[in-house]
Amino acid sequence: MQKIKDMDNMSYYLNCYILILNKAHQAFINPYLKEKGISYNQYGLILHIYHDEGSIQGNIASACGTDKCGASRSLRILEDKKLIIKKIDENNRRSYKLFLTEKGKKIVEDMIEKEIQWEDHICEKMNIEKEELFKMLNKACISSLELINI
């Protein structure tokens with residue numbers, strides 16, 4: 001990653017800033033995930049389940065921006081580690097609803113503390129309230145998705 005002092009005069013497209021933020025977030029959060037024995041991609045999946053328990057496997061893959069096969073492999077690993085449980089969807093017996101175990105919930109709750117630490121640092125450096133930043137980012141996401149008719 002480029003040195004911080006060299007970035008003062010950057011004038012890339014918006015996606016460059018988003019990529020840098022994502023890489024910095026990964027670099028910040030990965031050591032804590034390593035302690036917990038899960039990957040960044042697995043973390044995205046259990047974070048989604050935490051916020052939407054009972055989600056269907058295919059919907060989780062789509063929401064996390066991963067293909068169904070990759071999500072299925074990661075979810076199998078999370079199940080083997082006793083972080084999630086699968087229950088057959090009564091409305092569609094070919095799909096599974098996913099839930100976190102107590103162990104899985106504990107990991108997510110520990111990681112949320114780190115997420116808040118990262119967000120607070122960013123907001124402090126930008127001199128912006130978190131709610132205001134999130135509102136702006138939400139608008140950017142909606143606008144972006146409108147361009148591709150999602």
# chains A, B, ... in the order shown; residues from 1 in each chain; ligands from 1
call {"tool": "select_by_dssp", "arguments": {"residues": "range 54-89 of chain A", "states": "strand (DSSP E or B)", "output": "PyMOL selection string"}}
result
chain A and resi 55-56+84-89
call {"tool": "write_last_selection", "arguments": {"atoms": "all heavy atoms", "output": "JSON list (two decimals), in the first residue's frame"}}
result
[["chain", "number", "residue", "atom", "x", "y", "z"],
["A", 55, "SER", "N", -31.26, -16.12, 7.58],
["A", 55, "SER", "CA", -31.09, -15.86, 6.15],
["A", 55, "SER", "C", -30.83, -17.16, 5.42],
["A", 55, "SER", "O", -30.26, -18.10, 5.97],
["A", 55, "SER", "CB", -29.89, -14.95, 5.91],
["A", 55, "SER", "OG", -30.23, -13.62, 6.06],
["A", 56, "ILE", "N", -31.22, -17.16, 4.17],
["A", 56, "ILE", "CA", -30.99, -18.32, 3.32],
["A", 56, "ILE", "C", -29.59, -18.21, 2.71],
["A", 56, "ILE", "O", -29.15, -17.12, 2.34],
["A", 56, "ILE", "CB", -32.08, -18.41, 2.24],
["A", 56, "ILE", "CG1", -33.44, -18.63, 2.92],
["A", 56, "ILE", "CG2", -31.79, -19.50, 1.23],
["A", 56, "ILE", "CD1", -34.62, -18.46, 2.01],
["A", 84, "ILE", "N", -21.73, -21.68, 13.16],
["A", 84, "ILE", "CA", -23.07, -21.55, 12.60],
["A", 84, "ILE", "C", -23.76, -22.90, 12.61],
["A", 84, "ILE", "O", -23.10, -23.95, 12.71],
["A", 84, "ILE", "CB", -23.07, -21.01, 11.14],
["A", 84, "ILE", "CG1", -22.40, -22.00, 10.19],
["A", 84, "ILE", "CG2", -22.43, -19.63, 11.07],
["A", 84, "ILE", "CD1", -22.63, -21.70, 8.72],
["A", 85, "ILE", "N", -25.09, -22.84, 12.51],
["A", 85, "ILE", "CA", -25.87, -24.06, 12.30],
["A", 85, "ILE", "C", -26.82, -23.82, 11.14],
["A", 85, "ILE", "O", -27.26, -22.69, 10.92],
["A", 85, "ILE", "CB", -26.65, -24.51, 13.56],
["A", 85, "ILE", "CG1", -27.53, -23.38, 14.10],
["A", 85, "ILE", "CG2", -25.73, -25.03, 14.63],
["A", 85, "ILE", "CD1", -28.47, -23.82, 15.21],
["A", 86, "LYS", "N", -27.06, -24.89, 10.39],
["A", 86, "LYS", "CA", -27.98, -24.84, 9.26],
["A", 86, "LYS", "C", -29.27, -25.55, 9.65],
["A", 86, "LYS", "O", -29.23, -26.61, 10.27],
["A", 86, "LYS", "CB", -27.39, -25.56, 8.04],
["A", 86, "LYS", "CG", -26.18, -24.94, 7.45],
["A", 86, "LYS", "CD", -25.72, -25.79, 6.28],
["A", 86, "LYS", "CE", -24.50, -25.22, 5.61],
["A", 86, "LYS", "NZ", -24.05, -26.07, 4.50],
["A", 87, "LYS", "N", -30.38, -24.95, 9.25],
["A", 87, "LYS", "CA", -31.68, -25.59, 9.44],
["A", 87, "LYS", "C", -32.41, -25.56, 8.11],
["A", 87, "LYS", "O", -32.40, -24.54, 7.42],
["A", 87, "LYS", "CB", -32.50, -24.85, 10.50],
["A", 87, "LYS", "CG", -31.90, -24.92, 11.89],
["A", 87, "LYS", "CD", -32.76, -24.24, 12.91],
["A", 87, "LYS", "CE", -32.12, -24.33, 14.29],
["A", 87, "LYS", "NZ", -32.90, -23.59, 15.29],
["A", 88, "ILE", "N", -33.01, -26.68, 7.77],
["A", 88, "ILE", "CA", -33.74, -26.76, 6.50],
["A", 88, "ILE", "C", -34.87, -25.75, 6.51],
["A", 88, "ILE", "O", -35.61, -25.62, 7.50],
["A", 88, "ILE", "CB", -34.29, -28.18, 6.26],
["A", 88, "ILE", "CG1", -33.12, -29.15, 6.05],
["A", 88, "ILE", "CG2", -35.23, -28.21, 5.07],
["A", 88, "ILE", "CD1", -33.54, -30.60, 5.91],
["A", 89, "ASP", "N", -35.00, -25.02, 5.42],
["A", 89, "ASP", "CA", -36.07, -24.04, 5.25],
["A", 89, "ASP", "C", -37.37, -24.80, 4.99],
["A", 89, "ASP", "O", -37.46, -25.57, 4.03],
["A", 89, "ASP", "CB", -35.74, -23.11, 4.07],
["A", 89, "ASP", "CG", -36.77, -22.03, 3.84],
["A", 89, "ASP", "OD1", -37.77, -21.97, 4.59],
["A", 89, "ASP", "OD2", -36.58, -21.23, 2.90]]
call {"tool": "closest_residue", "arguments": {"among": "A:Asn41, A:Asn15, A:Ser95, A:Ser143", "to": "Gly58 in chain A", "atoms": "only C-alpha atoms"}}
result
A:Ser95
call {"tool": "residues_around", "arguments": {"residues": "Glu53 in chain A", "least_positions_apart": "4", "cutoff": "10 Å", "atoms": "only C-alpha atoms", "output": "MDAnalysis selection string"}}
result
chainID A and resid 46:49 97:100
call {"tool": "closest_residue", "arguments": {"among": "A:Glu113, A:Leu133, A:Met126, A:Ser144", "to": "Tyr32 in chain A", "atoms": "only C-alpha atoms"}}
result
A:Glu113
call {"tool": "select_by_dssp", "arguments": {"residues": "chain A", "states": "helix (DSSP H, G or I)", "output": "NGL selection string"}}
result
:A and (4-7 or 14-36 or 40-51 or 57-63 or 68-80 or 102-126 or 130-147)
call {"tool": "atom_distance", "arguments": {"atom1": "CA of Ser39 in chain A", "atom2": "CA of Glu79 in chain A"}}
result
13.8 Å
call {"tool": "residues_around", "arguments": {"residues": "Ile107 in chain A", "least_positions_apart": "2", "cutoff": "10 Å", "atoms": "only C-alpha atoms", "output": "list of chain:residue names"}}
result
A:Tyr32, A:Leu33, A:Lys36, A:Gly37, A:Ile38, A:Tyr43, A:Ile46, A:Leu47, A:Leu83, A:Leu100, A:Thr101, A:Glu102, A:Lys103, A:Gly104, A:Lys105, A:Glu109, A:Asp110, A:Met111, A:Ile112
call {"tool": "write_last_selection", "arguments": {"atoms": "C-alpha atoms", "output": "PDB file, in the first residue's frame"}}
result
ATOM      1  CA  TYR A  32      -8.013 -10.054  15.211  1.00  0.00           C
ATOM      2  CA  LEU A  33      -9.685 -12.505  12.829  1.00  0.00           C
ATOM      3  CA  LYS A  36     -10.380 -16.090  16.202  1.00  0.00           C
ATOM      4  CA  GLY A  37      -9.366 -18.592  13.523  1.00  0.00           C
ATOM      5  CA  ILE A  38     -11.509 -17.209  10.709  1.00  0.00           C
ATOM      6  CA  TYR A  43     -16.149 -12.953   8.805  1.00  0.00           C
ATOM      7  CA  ILE A  46     -21.055 -14.509   9.917  1.00  0.00           C
ATOM      8  CA  LEU A  47     -21.447 -10.743  10.250  1.00  0.00           C
ATOM      9  CA  LEU A  83     -19.860 -21.081  14.592  1.00  0.00           C
ATOM     10  CA  LEU A 100     -25.045 -18.351  14.668  1.00  0.00           C
ATOM     11  CA  THR A 101     -24.136 -20.524  17.601  1.00  0.00           C
ATOM     12  CA  GLU A 102     -23.270 -18.868  20.913  1.00  0.00           C
ATOM     13  CA  LYS A 103     -19.600 -19.255  19.961  1.00  0.00           C
ATOM     14  CA  GLY A 104     -20.275 -17.537  16.631  1.00  0.00           C
ATOM     15  CA  LYS A 105     -22.183 -14.691  18.317  1.00  0.00           C
ATOM     16  CA  GLU A 109     -19.615  -9.276  19.167  1.00  0.00           C
ATOM     17  CA  ASP A 110     -15.867  -9.164  19.895  1.00  0.00           C
ATOM     18  CA  MET A 111     -15.207  -8.096  16.309  1.00  0.00           C
ATOM     19  CA  ILE A 112     -17.900  -5.416  16.401  1.00  0.00           C
TER      20      ILE A 112
END
call {"tool": "residues_around", "arguments": {"residues": "range 68-72 of chain A", "least_positions_apart": "5", "cutoff": "8 Å", "atoms": "only C-alpha atoms", "output": "VMD selection string"}}
result
chain A and resid 45 57 to 58 61 to 62
call {"tool": "closest_residue", "arguments": {"among": "A:Gln42, A:His25, A:Thr66, A:Leu19", "to": "Ile116 in chain A", "atoms": "only C-alpha atoms"}}
result
A:His25
call {"tool": "residues_around", "arguments": {"residues": "Glu119 in chain A", "least_positions_apart": "5", "cutoff": "12 Å", "atoms": "only C-alpha atoms", "output": "list in words"}}
result
Leu21, Ala24, His25, Phe28, Ile29, Ile112, Glu113, Lys114, Glu124, Lys125, Met126, Asn127, Ile128, Glu129, Lys130, Glu131, Leu133 and Phe134 of chain A
call {"tool": "write_last_selection", "arguments": {"atoms": "N, CA and C atoms", "output": "mmCIF file, in the first residue's frame"}}
result
data_model
loop_
_atom_site.group_PDB
_atom_site.id
_atom_site.type_symbol
_atom_site.label_atom_id
_atom_site.label_comp_id
_atom_site.auth_asym_id
_atom_site.auth_seq_id
_atom_site.Cartn_x
_atom_site.Cartn_y
_atom_site.Cartn_z
ATOM 1 N N LEU A 21 -9.710 2.206 1.363
ATOM 2 C CA LEU A 21 -10.401 2.018 2.640
ATOM 3 C C LEU A 21 -10.601 0.532 2.936
ATOM 4 N N ALA A 24 -7.251 -1.054 3.862
ATOM 5 C CA ALA A 24 -6.846 -0.620 5.198
ATOM 6 C C ALA A 24 -7.689 -1.320 6.265
ATOM 7 N N HIS A 25 -8.977 -1.463 5.987
ATOM 8 C CA HIS A 25 -9.862 -2.154 6.932
ATOM 9 C C HIS A 25 -9.420 -3.603 7.094
ATOM 10 N N PHE A 28 -6.345 -3.832 9.155
ATOM 11 C CA PHE A 28 -6.636 -3.559 10.566
ATOM 12 C C PHE A 28 -7.314 -4.759 11.224
ATOM 13 N N ILE A 29 -8.279 -5.358 10.557
ATOM 14 C CA ILE A 29 -9.132 -6.366 11.183
ATOM 15 C C ILE A 29 -8.540 -7.781 11.126
ATOM 16 N N ILE A 112 -17.163 -6.678 16.523
ATOM 17 C CA ILE A 112 -17.900 -5.416 16.401
ATOM 18 C C ILE A 112 -17.195 -4.320 17.207
ATOM 19 N N GLU A 113 -16.611 -4.687 18.334
ATOM 20 C CA GLU A 113 -15.842 -3.710 19.121
ATOM 21 C C GLU A 113 -14.689 -3.153 18.277
ATOM 22 N N LYS A 114 -14.032 -4.013 17.522
ATOM 23 C CA LYS A 114 -12.931 -3.574 16.657
ATOM 24 C C LYS A 114 -13.451 -2.728 15.503
ATOM 25 N N GLU A 124 -13.079 10.477 13.551
ATOM 26 C CA GLU A 124 -12.312 11.484 14.293
ATOM 27 C C GLU A 124 -11.335 12.213 13.373
ATOM 28 N N LYS A 125 -10.633 11.458 12.543
ATOM 29 C CA LYS A 125 -9.662 12.062 11.630
ATOM 30 C C LYS A 125 -10.340 12.928 10.573
ATOM 31 N N MET A 126 -11.572 12.581 10.214
ATOM 32 C CA MET A 126 -12.317 13.343 9.207
ATOM 33 C C MET A 126 -13.128 14.480 9.841
ATOM 34 N N ASN A 127 -13.183 14.472 11.165
ATOM 35 C CA ASN A 127 -13.969 15.471 11.887
ATOM 36 C C ASN A 127 -15.437 15.457 11.416
ATOM 37 N N ILE A 128 -16.010 14.249 11.419
ATOM 38 C CA ILE A 128 -17.387 14.069 10.978
ATOM 39 C C ILE A 128 -18.084 13.096 11.933
ATOM 40 N N GLU A 129 -19.349 13.319 12.161
ATOM 41 C CA GLU A 129 -20.136 12.402 12.977
ATOM 42 C C GLU A 129 -20.363 11.116 12.198
ATOM 43 N N LYS A 130 -20.325 9.993 12.892
ATOM 44 C CA LYS A 130 -20.487 8.700 12.243
ATOM 45 C C LYS A 130 -21.813 8.606 11.480
ATOM 46 N N GLU A 131 -22.883 9.101 12.092
ATOM 47 C CA GLU A 131 -24.200 9.035 11.449
ATOM 48 C C GLU A 131 -24.202 9.805 10.121
ATOM 49 N N LEU A 133 -21.541 10.444 8.188
ATOM 50 C CA LEU A 133 -20.721 9.694 7.230
ATOM 51 C C LEU A 133 -21.513 8.515 6.673
ATOM 52 N N PHE A 134 -22.185 7.779 7.548
ATOM 53 C CA PHE A 134 -22.959 6.624 7.100
ATOM 54 C C PHE A 134 -24.090 7.050 6.171
#
